[in-house]
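input-v3.txt, holding compact mmCIF, C-alpha atoms and all ligand atoms:
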```txt
# COMPACT_ATOMS: atom_id res chain seq x y z
CA MET Y 1 37.62 103.62 173.94
CA SER Y 2 40.26 102.87 171.31
CA LYS Y 3 43.70 104.37 171.15
CA GLU Y 4 44.15 107.91 169.77
CA LEU Y 5 46.02 107.50 166.49
CA ALA Y 6 49.22 109.26 165.48
CA LEU Y 7 47.61 109.76 162.08
CA PHE Y 8 45.41 112.38 163.76
CA GLY Y 9 48.30 114.04 165.59
CA ALA Y 10 48.83 111.89 168.70
CA ARG Y 11 52.36 110.90 169.71
CA PRO Y 12 53.52 107.85 167.70
CA GLU Y 13 53.24 104.56 169.57
CA PHE Y 14 56.93 103.75 168.90
CA ASP Y 15 59.84 106.19 169.13
CA SER Y 16 61.91 104.40 166.51
CA PRO Y 17 60.78 102.43 163.45
CA LEU Y 18 59.84 98.76 163.61
CA HIS Y 19 60.74 97.14 160.30
CA VAL Y 20 59.66 94.01 158.52
CA GLY Y 21 62.93 92.17 158.01
CA GLN Y 22 64.95 93.49 160.92
CA PRO Y 23 67.88 91.06 161.15
CA ASN Y 24 68.08 88.22 163.65
CA LEU Y 25 71.45 87.70 165.34
CA GLY Y 26 72.48 84.37 166.82
CA ASP Y 27 75.28 83.94 169.37
CA ARG Y 28 77.23 87.20 169.01
CA SER Y 29 80.31 86.09 170.95
CA ARG Y 30 80.60 82.85 168.97
CA LEU Y 31 80.30 84.90 165.78
CA GLN Y 32 83.00 87.31 166.89
CA ALA Y 33 85.28 84.41 167.80
CA ARG Y 34 84.71 83.03 164.31
CA PHE Y 35 85.59 86.38 162.74
CA ASP Y 36 88.86 86.33 164.70
CA ASP Y 37 89.48 82.78 163.58
CA ILE Y 38 89.00 83.82 159.93
CA LEU Y 39 91.63 86.51 160.36
CA ASP Y 40 93.99 84.04 162.03
CA ARG Y 41 93.54 81.49 159.29
CA ALA Y 42 94.22 84.17 156.64
CA TRP Y 43 91.83 82.36 154.32
CA TYR Y 44 88.97 84.69 153.35
CA SER Y 45 87.21 83.07 150.41
CA ASN Y 46 87.45 80.24 147.84
CA ASN Y 47 86.02 77.19 149.55
CA GLY Y 48 87.27 78.24 152.99
CA PHE Y 49 86.83 76.50 156.32
CA TYR Y 50 83.55 78.23 157.25
CA LEU Y 51 82.11 77.86 153.77
CA GLN Y 52 82.60 74.11 154.04
CA ARG Y 53 81.14 74.01 157.58
CA PHE Y 54 78.13 76.07 156.47
CA GLU Y 55 77.46 73.86 153.44
CA GLU Y 56 77.74 70.70 155.57
CA ALA Y 57 75.42 72.14 158.22
CA LEU Y 58 72.90 73.15 155.58
CA ALA Y 59 73.01 69.75 153.86
CA ASP Y 60 72.32 68.16 157.22
CA PHE Y 61 69.60 70.63 158.19
CA CYS Y 62 67.85 70.47 154.80
CA GLN Y 63 68.49 66.74 154.32
CA VAL Y 64 69.77 67.13 150.77
CA PRO Y 65 72.91 65.54 149.30
CA HIS Y 66 74.41 68.76 147.86
CA VAL Y 67 74.49 72.39 148.92
CA VAL Y 68 76.25 75.05 146.87
CA ALA Y 69 76.46 78.27 148.89
CA VAL Y 70 76.54 81.47 146.84
CA THR Y 71 76.78 85.23 147.31
CA ASN Y 72 73.00 85.71 147.11
CA ALA Y 73 69.89 83.84 146.00
CA THR Y 74 69.61 85.83 142.78
CA LEU Y 75 72.98 84.53 141.56
CA GLY Y 76 72.05 81.08 142.86
CA LEU Y 77 68.93 81.15 140.70
CA GLN Y 78 70.92 82.38 137.68
CA ILE Y 79 73.47 79.60 138.10
CA ALA Y 80 70.74 76.98 138.38
CA VAL Y 81 68.92 78.35 135.32
CA ARG Y 82 72.15 78.15 133.33
CA ALA Y 83 73.20 74.75 134.70
CA LEU Y 84 69.82 73.29 133.77
CA GLY Y 85 70.07 74.75 130.28
CA LEU Y 86 66.74 76.54 130.45
CA THR Y 87 65.85 78.36 127.24
CA GLY Y 88 62.90 80.13 125.62
CA GLU Y 89 60.24 80.67 128.28
CA VAL Y 90 59.93 79.70 131.93
CA ILE Y 91 56.66 80.09 133.81
CA VAL Y 92 56.80 81.95 137.13
CA PRO Y 93 54.41 83.75 139.46
CA SER Y 94 54.25 87.54 139.48
CA MET Y 95 53.37 87.35 143.17
CA THR Y 96 57.06 87.21 144.14
CA PHE Y 97 60.12 89.36 144.62
CA VAL Y 98 61.34 90.66 141.28
CA ALA Y 99 64.54 88.56 141.53
CA THR Y 100 62.51 85.49 140.49
CA ALA Y 101 61.83 87.05 137.09
CA HIS Y 102 65.09 88.95 136.75
CA CYS Y 103 67.27 85.86 137.17
CA LEU Y 104 65.65 84.37 134.08
CA GLU Y 105 65.71 87.53 131.99
CA TRP Y 106 69.39 88.05 132.91
CA GLU Y 107 70.11 84.56 131.55
CA GLY Y 108 68.28 85.31 128.29
CA VAL Y 109 65.19 83.30 129.24
CA ARG Y 110 61.77 84.98 129.08
CA PRO Y 111 59.71 84.85 132.28
CA VAL Y 112 56.03 84.20 131.61
CA PHE Y 113 53.69 85.01 134.48
CA ALA Y 114 50.89 82.70 135.58
CA ASP Y 115 48.32 83.24 138.30
CA VAL Y 116 48.38 82.05 141.91
CA ASP Y 117 46.03 80.30 144.28
CA PRO Y 118 43.99 82.82 146.30
CA GLY Y 119 44.34 80.84 149.53
CA THR Y 120 48.05 79.95 149.51
CA HIS Y 121 49.38 82.80 147.30
CA ASN Y 122 51.46 80.13 145.54
CA LEU Y 123 51.66 79.51 141.80
CA ASP Y 124 48.68 77.48 140.59
CA PRO Y 125 49.62 74.42 138.45
CA ARG Y 126 46.37 74.77 136.48
CA ALA Y 127 47.25 78.34 135.52
CA VAL Y 128 50.76 77.16 134.59
CA GLU Y 129 49.31 74.46 132.33
CA ARG Y 130 47.36 77.11 130.42
CA ALA Y 131 50.51 79.21 129.94
CA ILE Y 132 52.64 76.44 128.38
CA THR Y 133 53.76 77.07 124.79
CA PRO Y 134 56.19 75.22 122.51
CA GLN Y 135 58.91 77.59 123.84
CA THR Y 136 58.39 76.63 127.50
CA SER Y 137 61.42 74.85 128.95
CA GLY Y 138 60.61 74.98 132.65
CA VAL Y 139 58.54 76.14 135.59
CA MET Y 140 59.88 78.07 138.55
CA PRO Y 141 57.35 78.07 141.39
CA VAL Y 142 58.09 80.05 144.57
CA HIS Y 143 57.31 78.74 148.07
CA VAL Y 144 55.80 82.10 149.04
CA TRP Y 145 55.99 82.97 152.78
CA GLY Y 146 57.80 79.62 153.16
CA ARG Y 147 54.63 77.62 152.52
CA PRO Y 148 55.34 74.70 150.18
CA CYS Y 149 53.77 74.88 146.73
CA ASP Y 150 51.59 72.13 145.31
CA VAL Y 151 54.71 70.05 144.68
CA GLU Y 152 52.79 66.94 143.56
CA GLY Y 153 50.81 69.04 141.07
CA PHE Y 154 54.01 70.54 139.67
CA GLU Y 155 55.86 67.23 139.49
CA ALA Y 156 52.98 65.67 137.54
CA LEU Y 157 52.79 68.68 135.23
CA ALA Y 158 56.56 68.73 134.64
CA ARG Y 159 56.50 65.01 133.80
CA ARG Y 160 53.51 65.37 131.45
CA HIS Y 161 55.14 68.18 129.49
CA GLY Y 162 58.81 67.23 129.85
CA LEU Y 163 59.67 70.47 131.69
CA CYS Y 164 62.39 71.36 134.18
CA LEU Y 165 61.22 72.21 137.67
CA LEU Y 166 63.29 74.73 139.61
CA TYR Y 167 62.04 76.07 142.94
CA ASP Y 168 62.64 79.55 144.28
CA ALA Y 169 62.81 78.59 147.97
CA ALA Y 170 64.14 81.97 149.14
CA HIS Y 171 61.57 82.04 151.98
CA ALA Y 172 61.51 78.34 152.75
CA LEU Y 173 64.50 77.35 154.88
CA GLY Y 174 63.27 74.60 157.20
CA SER Y 175 59.94 74.09 155.43
CA THR Y 176 58.69 70.58 154.76
CA HIS Y 177 55.92 69.04 152.69
CA ALA Y 178 54.29 65.91 154.11
CA GLY Y 179 57.45 65.44 156.18
CA THR Y 180 59.87 65.82 153.25
CA PRO Y 181 62.30 68.75 153.51
CA ILE Y 182 61.67 71.32 150.83
CA GLY Y 183 64.97 70.94 148.95
CA ASN Y 184 63.99 67.47 147.78
CA PHE Y 185 61.60 68.57 145.06
CA GLY Y 186 62.33 69.51 141.47
CA GLN Y 187 65.82 69.68 139.95
CA ALA Y 188 67.04 72.31 142.43
CA SER Y 189 65.81 74.74 145.08
CA ILE Y 190 67.39 78.05 145.98
CA LEU Y 191 67.47 79.56 149.49
CA SER Y 192 68.20 83.17 150.40
CA PHE Y 193 70.23 84.29 153.40
CA HIS Y 194 69.78 88.00 152.82
CA ALA Y 195 70.00 90.17 155.97
CA THR Y 196 66.20 90.32 156.11
CA LYS Y 197 65.73 86.55 156.04
CA MET Y 198 65.16 84.49 159.17
CA VAL Y 199 68.62 82.94 158.90
CA ASN Y 200 71.07 85.34 157.32
CA SER Y 201 74.67 85.54 156.15
CA PHE Y 202 74.50 89.34 155.61
CA GLU Y 203 74.02 88.53 151.91
CA GLY Y 204 73.93 84.96 150.71
CA GLY Y 205 72.09 82.07 149.19
CA ALA Y 206 72.38 78.35 148.53
CA ILE Y 207 71.42 75.91 145.81
CA LEU Y 208 70.02 72.63 147.13
CA ILE Y 209 70.55 69.76 144.71
CA ARG Y 210 70.07 66.00 144.71
CA ASP Y 211 71.88 65.12 141.47
CA ASP Y 212 75.69 64.73 141.69
CA ALA Y 213 76.45 65.97 138.16
CA LEU Y 214 74.21 69.02 138.49
CA ALA Y 215 75.87 69.90 141.80
CA GLU Y 216 79.31 69.67 140.21
CA LYS Y 217 78.18 71.91 137.35
CA CYS Y 218 76.79 74.52 139.77
CA ARG Y 219 80.05 74.50 141.75
CA ARG Y 220 82.00 75.17 138.57
CA LEU Y 221 79.65 77.93 137.44
CA ARG Y 222 80.04 79.57 140.86
CA ASN Y 223 83.82 79.69 140.41
CA PHE Y 224 84.56 80.99 136.88
CA GLY Y 225 84.16 77.53 135.34
CA PHE Y 226 87.24 76.13 137.10
CA ALA Y 227 87.35 72.33 137.28
CA GLY Y 228 90.81 72.22 138.87
CA LYS Y 229 93.93 74.31 139.09
CA ASP Y 230 94.48 76.24 135.83
CA ARG Y 231 91.68 74.26 134.17
CA VAL Y 232 88.58 76.17 133.04
CA VAL Y 233 86.06 73.90 131.34
CA SER Y 234 83.10 76.24 130.87
CA LEU Y 235 81.93 79.79 131.21
CA GLY Y 236 81.50 80.72 134.85
CA THR Y 237 80.86 83.63 137.12
CA ASN Y 238 82.03 84.65 140.56
CA ALA Y 239 79.32 83.78 143.06
CA LYS Y 240 81.56 82.46 145.83
CA MET Y 241 80.41 83.11 149.38
CA HIS Y 242 83.22 84.55 151.47
CA GLU Y 243 84.20 83.40 154.93
CA VAL Y 244 82.63 86.24 156.91
CA SER Y 245 79.26 85.50 155.32
CA ALA Y 246 79.67 81.77 155.83
CA ALA Y 247 80.52 82.26 159.51
CA MET Y 248 77.49 84.47 159.94
CA GLY Y 249 75.30 81.95 158.07
CA LEU Y 250 76.57 79.09 160.23
CA THR Y 251 76.02 81.01 163.47
CA SER Y 252 72.58 82.12 162.33
CA LEU Y 253 71.60 78.60 161.27
CA GLU Y 254 72.62 77.28 164.69
CA ALA Y 255 69.99 79.62 166.16
CA PHE Y 256 67.20 78.42 163.84
CA ALA Y 257 65.18 76.78 166.62
CA ALA Y 258 65.42 79.86 168.83
CA PHE Y 259 64.39 82.21 166.00
CA ALA Y 260 61.56 79.89 165.02
CA GLY Y 261 60.31 79.78 168.62
CA VAL Y 262 60.15 83.57 168.76
CA ASN Y 263 58.39 83.82 165.39
CA GLN Y 264 55.87 81.14 166.27
CA ALA Y 265 55.03 82.90 169.54
CA HIS Y 266 54.66 86.25 167.75
CA PHE Y 267 52.44 84.60 165.17
CA GLN Y 268 50.14 83.18 167.85
CA GLN Y 269 49.97 86.55 169.49
CA TYR Y 270 49.11 88.32 166.23
CA ARG Y 271 46.42 85.72 165.77
CA GLN Y 272 44.91 86.66 169.14
CA GLU Y 273 45.26 90.38 168.51
CA PHE Y 274 43.49 90.13 165.14
CA ALA Y 275 40.83 87.60 166.22
CA ASP Y 276 37.32 88.58 165.11
CA LEU Y 277 38.57 91.71 163.38
CA PRO Y 278 36.35 92.18 160.34
CA GLY Y 279 38.37 93.13 157.31
CA LEU Y 280 41.69 91.56 158.35
CA ASP Y 281 42.50 87.89 157.75
CA LEU Y 282 45.79 86.50 158.98
CA VAL Y 283 47.30 84.06 156.48
CA ASP Y 284 47.50 80.86 158.46
CA LEU Y 285 50.79 78.96 158.32
CA GLU Y 286 51.32 75.58 159.91
CA PRO Y 287 54.45 75.49 162.14
CA ALA Y 288 54.96 71.79 161.35
CA GLU Y 289 55.27 72.75 157.67
CA VAL Y 290 56.72 76.27 157.96
CA PRO Y 291 58.63 76.34 161.25
CA SER Y 292 60.37 79.63 160.40
CA MET Y 293 57.07 81.59 160.42
CA HIS Y 294 59.22 84.40 159.11
CA TYR Y 295 56.37 86.27 157.46
CA VAL Y 296 53.30 87.50 159.29
CA VAL Y 297 50.95 88.15 156.40
CA ALA Y 298 47.33 89.25 156.33
CA THR Y 299 44.82 90.26 153.68
CA VAL Y 300 42.67 93.35 154.09
CA ASP Y 301 39.09 93.37 152.83
CA PRO Y 302 37.82 96.96 152.57
CA ARG Y 303 34.21 95.82 152.14
CA ALA Y 304 34.29 94.02 155.48
CA GLY Y 305 36.32 96.46 157.59
CA GLY Y 306 36.02 99.83 155.86
CA LEU Y 307 39.78 100.24 155.38
CA THR Y 308 41.99 99.46 152.41
CA ARG Y 309 45.38 97.85 152.86
CA ASP Y 310 47.04 101.17 152.02
CA ASP Y 311 44.91 102.98 154.64
CA LEU Y 312 46.17 100.52 157.22
CA LEU Y 313 49.76 100.97 156.08
CA ALA Y 314 49.41 104.75 156.50
CA VAL Y 315 47.99 104.38 160.02
CA LEU Y 316 50.82 102.03 161.00
CA GLU Y 317 53.51 104.19 159.43
CA ALA Y 318 52.37 107.20 161.47
CA GLU Y 319 52.93 105.03 164.57
CA ASN Y 320 56.43 104.05 163.34
CA VAL Y 321 55.37 100.52 162.38
CA LEU Y 322 56.75 100.07 158.87
CA ALA Y 323 54.57 97.24 157.63
CA ARG Y 324 55.13 96.23 153.99
CA ARG Y 325 53.08 95.37 150.93
CA TYR Y 326 55.23 92.69 149.30
CA PHE Y 327 55.22 92.20 146.32
CA TYR Y 328 53.41 95.33 145.18
CA PRO Y 329 52.93 96.26 142.35
CA GLY Y 330 53.85 92.76 141.07
CA CYS Y 331 56.63 91.74 138.71
CA HIS Y 332 54.28 91.93 135.70
CA ARG Y 333 53.86 95.66 136.30
CA MET Y 334 57.62 96.27 136.62
CA ALA Y 335 60.21 96.90 133.91
CA PRO Y 336 60.97 95.22 131.61
CA TYR Y 337 57.91 92.97 131.89
CA ALA Y 338 55.05 95.50 132.01
CA GLU Y 339 55.27 96.39 128.35
CA ARG Y 340 54.91 92.72 127.37
CA GLY Y 341 51.40 92.63 128.82
CA PRO Y 342 48.52 92.68 129.18
CA TRP Y 343 48.90 89.83 131.65
CA ASP Y 344 45.80 87.95 132.76
CA LEU Y 345 46.43 87.61 136.52
CA PRO Y 346 43.20 88.44 138.35
CA VAL Y 347 44.03 86.61 141.61
CA THR Y 348 47.55 88.07 141.76
CA GLU Y 349 46.26 91.59 141.10
CA ASP Y 350 43.61 91.28 143.79
CA LEU Y 351 46.17 90.01 146.33
CA LEU Y 352 48.70 92.71 145.48
CA GLU Y 353 46.12 95.32 146.51
CA ARG Y 354 45.23 93.56 149.76
CA VAL Y 355 48.29 91.83 151.22
CA ILE Y 356 50.21 93.31 154.15
CA GLN Y 357 53.21 92.02 156.18
CA PHE Y 358 53.77 92.84 159.85
CA PRO Y 359 57.09 92.99 161.72
CA THR Y 360 58.22 89.87 163.56
CA GLY Y 361 61.49 88.21 164.62
CA THR Y 362 63.85 88.62 167.52
CA ALA Y 363 63.95 92.41 167.20
CA LEU Y 364 60.40 92.48 168.63
CA ASP Y 365 59.07 91.50 172.03
CA PRO Y 366 55.54 90.25 172.78
CA GLU Y 367 54.55 93.57 174.30
CA GLN Y 368 55.38 95.33 171.03
CA VAL Y 369 53.30 92.81 169.08
CA HIS Y 370 50.43 93.55 171.45
CA ARG Y 371 50.84 97.30 170.85
CA ILE Y 372 50.82 96.76 167.08
CA GLY Y 373 47.62 94.77 167.57
CA GLN Y 374 46.09 97.68 169.50
CA ILE Y 375 46.95 100.10 166.69
CA VAL Y 376 45.31 97.83 164.12
CA ARG Y 377 42.18 97.43 166.25
CA ALA Y 378 42.01 101.20 166.76
CA ALA Y 379 42.37 101.77 163.02
CA PHE Y 380 39.42 99.50 162.24
CA ALA Y 381 37.36 100.93 165.10
CA GLN Y 382 37.83 104.39 163.57
CA ALA Y 383 37.71 103.25 159.94
CA GLY Y 384 35.36 106.01 158.76
CA ARG Y 385 37.48 108.78 160.25
CA VAL Y 386 40.72 107.23 158.94
CA ARG Y 387 39.34 107.00 155.42
CA ALA Y 388 38.00 110.55 155.45
CA TRP Y 389 41.31 111.85 156.83
CA LEU Y 390 43.43 110.07 154.23
CA GLN Y 391 41.15 111.06 151.38
CA ALA Y 392 41.28 114.72 152.46
CA ASP Y 393 45.06 114.43 152.78
CA ALA Y 394 45.31 113.11 149.24
CA ARG Y 395 43.38 116.12 147.85
N1 LIG E 401 63.23 85.15 145.52
C1 LIG E 401 62.39 85.61 146.46
C2 LIG E 401 61.03 85.02 146.55
C3 LIG E 401 62.79 86.61 147.34
O1 LIG E 401 61.94 87.07 148.29
C4 LIG E 401 64.09 87.13 147.24
C5 LIG E 401 64.54 88.18 148.12
C6 LIG E 401 64.94 86.60 146.24
C7 LIG E 401 64.47 85.61 145.40
C8 LIG E 401 66.35 87.08 146.07
O2 LIG E 401 67.14 86.83 147.21
P1 LIG E 401 68.55 87.61 147.42
O3 LIG E 401 69.23 87.72 146.09
O4 LIG E 401 68.22 88.96 148.02
O5 LIG E 401 69.30 86.70 148.38
C9 LIG E 401 64.05 92.53 150.60
C10 LIG E 401 65.35 91.77 150.43
O6 LIG E 401 66.37 92.63 149.92
C11 LIG E 401 65.23 90.60 149.52
O7 LIG E 401 66.33 89.77 149.80
C12 LIG E 401 63.95 89.83 149.80
N2 LIG E 401 63.74 88.75 148.89
C13 LIG E 401 62.76 90.74 149.73
C14 LIG E 401 61.47 90.02 150.01
O8 LIG E 401 62.92 91.75 150.70
P2 LIG E 401 63.54 94.98 150.03
O9 LIG E 401 63.69 95.77 148.80
O10 LIG E 401 62.23 95.01 150.72
O11 LIG E 401 64.70 95.28 151.06
P3 LIG E 401 64.87 96.47 152.05
O12 LIG E 401 66.26 96.94 151.91
O13 LIG E 401 63.76 97.46 151.88
O14 LIG E 401 64.76 95.77 153.48
C15 LIG E 401 63.52 95.44 154.04
C16 LIG E 401 63.45 96.02 155.45
O15 LIG E 401 64.34 95.32 156.28
C17 LIG E 401 63.81 97.46 155.54
O16 LIG E 401 62.63 98.21 155.60
C18 LIG E 401 64.59 97.59 156.81
C19 LIG E 401 64.96 96.20 157.21
N3 LIG E 401 66.41 95.97 157.17
C20 LIG E 401 67.02 95.72 155.98
C21 LIG E 401 68.37 95.48 155.93
C22 LIG E 401 69.06 95.20 154.60
C23 LIG E 401 67.13 96.01 158.34
O17 LIG E 401 66.55 96.29 159.41
N4 LIG E 401 68.47 95.73 158.31
C24 LIG E 401 69.13 95.46 157.15
O18 LIG E 401 70.33 95.18 157.18
O19 LIG E 401 63.91 93.50 149.63
```
What does this structure look like when you write it as structure tokens?
Amino acid sequence: MSKELALFGARPEFDSPLHVGQPNLGDRSRLQARFDDILDRAWYSNNGFYLQRFEEALADFCQVPHVVAVTNATLGLQIAVRALGLTGEVIVPSMTFVATAHCLEWEGVRPVFADVDPGTHNLDPRAVERAITPQTSGVMPVHVWGRPCDVEGFEALARRHGLCLLYDAAHALGSTHAGTPIGNFGQASILSFHATKMVNSFEGGAILIRDDALAEKCRRLRNFGFAGKDRVVSLGTNAKMHEVSAAMGLTSLEAFAAFAGVNQAHFQQYRQEFADLPGLDLVDLEPAEVPSMHYVVATVDPRAGGLTRDDLLAVLEAENVLARRYFYPGCHRMAPYAERGPWDLPVTEDLLERVIQFPTGTALDPEQVHRIGQIVRAAFAQAGRVRAWLQADAR
């Protein structure tokens, strides 16, 4: 006998909402001591003590020569786009958060969407090759869910066509490809430390760079174009990370292994809960490659299980489980890009109708993951009734 669902009037399984992206907090007392220290130092921004510690810790953790911490990944991407001198068109996936496209458009560069691989959800180099025009100056693949893209495929393609390669690594802190940390591919890679990310600095981001001159340029662009006291040598913006964010980022990064352990355990449990469930396929991530396991993602196949992804979302929402459908409806269907279509993205469009993300992270305990699993099983066991109910509701 499966659970009676809140959709049909039963009491919701959870009294308060479970979110995707509920923040992780590292050592609270160390963080509070650092906040006090910031106040004592009376140095709140502009290359402060904690900013320097955070950048050093990140460079060490990511094994890259240069880290430029910024106020958020979107500004980090914009700075990198400008520093690399990208112009004309840059090819990106639509299966990503809209910031990937917006950072280009904001810099006067036109994002051109290419399709993704159905298995990995990552940009497909073959689709990129077909989208290249004489205006293309670069490619910006995204390591979606933290899983590394086909970096060899992209490096070969970039070489063949003389294109810049900039990675949106917002999800990919800690990820590696064949043992190489993710920041070592392309001209630069950008991390996000938004509150909802596995490691967070409230808001924040970082540009990972190997080239000395490019790193220097990004540092200047982050700070109004200053190259020294009273000396502005280029246009610049203000994307400086302040000390409170840097202290949070540092404290959060120190807890990476603990967060990763929790996420990996939740992932294994979701795998058990969803085993043999027709219609729901968990996207498998390899902890050796994606230790953060920050996203628990599945695809829903209505032909196999009788429920659509949106049916499942409605069942979960009634139980106070606020699963998500990133990155619905897709950048190519959002302003200002929709009117430039039609875009030929069959794999992306199929995935955007079928992908669902479940809550994970330190805000959840294993018992709660089990209860989410029970809800999902109950939904599929009662698929016919759920469908009929939701269709009647829509009328
Ligand atoms: N590239 C990619 C591939 C990205 O995924 C992102 C960001 C970026 C670039 C740009 O990075 P940043 O410039 O943001 O550093 C969220 C995040 O705002 C966004 O950072 C993230 N990707 C994206 C995937 O997810 P929303 O619109 O879903 O956020 P929101 O406010 O709905 O938060 C998600 C859930 O998290 C909420 O339902 C509740 C929970 N939450 C949120 C916050 C802020 C909390 O529990 N506590 C909180 O403090 O975009």
With a cut-off of 9 Å, could you pull out the residues of chain Y touching ligand LIG 401 (chain E) and give me the nearest pair of atoms for each, distance in Å to one decimal, using all atoms listed in the file, ordered by chain and ascending number, as CSV?
```
residue,atom,partner,partner_atom,distance
Y:Leu18,CA,E:LIG401,O17,8.3
Y:His19,CA,E:LIG401,O16,5.2
Y:Val20,CA,E:LIG401,C16,5.3
Y:Gly21,CA,E:LIG401,O15,3.9
Y:Gln22,CA,E:LIG401,O17,3.6
Y:Pro23,CA,E:LIG401,N4,5.5
Y:Thr71,CA,E:LIG401,O5,7.7
Y:Asn72,CA,E:LIG401,O5,4.0
Y:Ala73,CA,E:LIG401,O5,3.8
Y:Thr74,CA,E:LIG401,O3,3.8
Y:Leu75,CA,E:LIG401,O3,6.7
Y:Gly76,CA,E:LIG401,O3,7.9
Y:Leu77,CA,E:LIG401,C7,7.9
Y:Met95,CA,E:LIG401,C2,8.7
Y:Thr96,CA,E:LIG401,C2,5.1
Y:Phe97,CA,E:LIG401,O1,4.7
Y:Val98,CA,E:LIG401,N1,7.2
Y:Ala99,CA,E:LIG401,C7,4.9
Y:Thr100,CA,E:LIG401,N1,5.1
Y:Ala101,CA,E:LIG401,N1,8.8
Y:Cys103,CA,E:LIG401,C7,8.7
Y:Val142,CA,E:LIG401,C2,6.1
Y:His143,CA,E:LIG401,C2,7.5
Y:Val144,CA,E:LIG401,C2,6.5
Y:Trp145,CA,E:LIG401,C2,8.3
Y:Asp168,CA,E:LIG401,N1,5.8
Y:Ala169,CA,E:LIG401,C2,6.8
Y:Ala170,CA,E:LIG401,C1,4.8
Y:His171,CA,E:LIG401,C2,6.2
Y:Ile190,CA,E:LIG401,C7,8.1
Y:Leu191,CA,E:LIG401,O5,7.5
Y:Ser192,CA,E:LIG401,O5,4.2
Y:Phe193,CA,E:LIG401,O5,5.6
Y:His194,CA,E:LIG401,O5,4.7
Y:Ala195,CA,E:LIG401,O18,5.2
Y:Thr196,CA,E:LIG401,O15,5.3
Y:Lys197,CA,E:LIG401,O7,7.0
Y:Phe202,CA,E:LIG401,O18,7.3
Y:Glu203,CA,E:LIG401,O5,6.2
Y:Gly204,CA,E:LIG401,O5,5.5
Y:Gly205,CA,E:LIG401,O5,5.5
Y:Ala206,CA,E:LIG401,O5,8.9
Y:Leu322,CA,E:LIG401,O16,7.0
Y:Ala323,CA,E:LIG401,O16,8.4
Y:Arg324,CA,E:LIG401,O10,7.9
Y:Tyr326,CA,E:LIG401,C14,6.8
Y:Phe327,CA,E:LIG401,C14,7.6
```
Legend entry - Top pick for closest residue to Y:Asp124, considering Y:Val199, Y:Val68, Y:Val347, Y:Leu313 and counting all atoms listed in the file: Y:Val347
Inset, instruction - Excluding stretch 271-273 of chain Y and residues on its chain fewer than 5 positions from it, collect all residues at most 7 Å away from it, counting only C-alpha atoms, and give them as a ChimeraX atom specification. - result: /Y:282,370,373
Legend entry - Option closest in space to Y:Arg28, from Y:Ala239, Y:Val232, Y:Ala247, Y:Leu86 [counting all atoms listed in the file]: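 Of the candidates, the smallest distance to Y:Arg28 is held by Y:Ala247.
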Inset, instruction - Quick one: pull the distance between atom CA of Y:Glu254 and atom CA of Y:Phe35, Å, one decimal. - result: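 Atom-to-atom, atom CA of Y:Glu254 to atom CA of Y:Phe35, that is 16.0 Å.
Omitting Y:Gly174 and its sequence neighbours fewer than 2 positions away, and counting all atoms listed in the file, the residues within 10 Å are Y:Leu58, Y:Phe61, Y:Cys62, Y:Gln63, Y:Gly146, Y:His171, Y:Ala172, Y:Thr176, Y:Pro181, Y:Ile182, Y:Gly183, Y:Phe256, Y:Ala257, Y:Ala260, Y:Ala288, Y:Glu289, Y:Val290, Y:Pro291, Y:Ser292, Y:Met293.
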Inset, instruction - Extract, using all atoms listed in the file, all DNA, RNA and protein residues at most 10 Å from Y:Arg210, discarding same-chain residues fewer than 3 positions from it, and format them as a ChimeraX atom specification. - result: /Y:63-67,183-189,213-215
Legend entry - Computed interatomic separation between atom CA of Y:Asp211 and atom CA of Y:Asp60 (Å):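 For atom CA of Y:Asp211 relative to atom CA of Y:Asp60, the distance reads 16.0 Å.
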Inset, instruction - Tell me, as an MDAnalysis selection string, which residues lie within 12 Å of Y:Phe226, counting only C-alpha atoms; anything in the same chain fewer than 3 positions away does not count. - result: chainID Y and resid 46 216:223 229:238
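For the pair atom CA of Y:Asn320 and atom CA of Y:Pro17, the separation is 4.6 Å.
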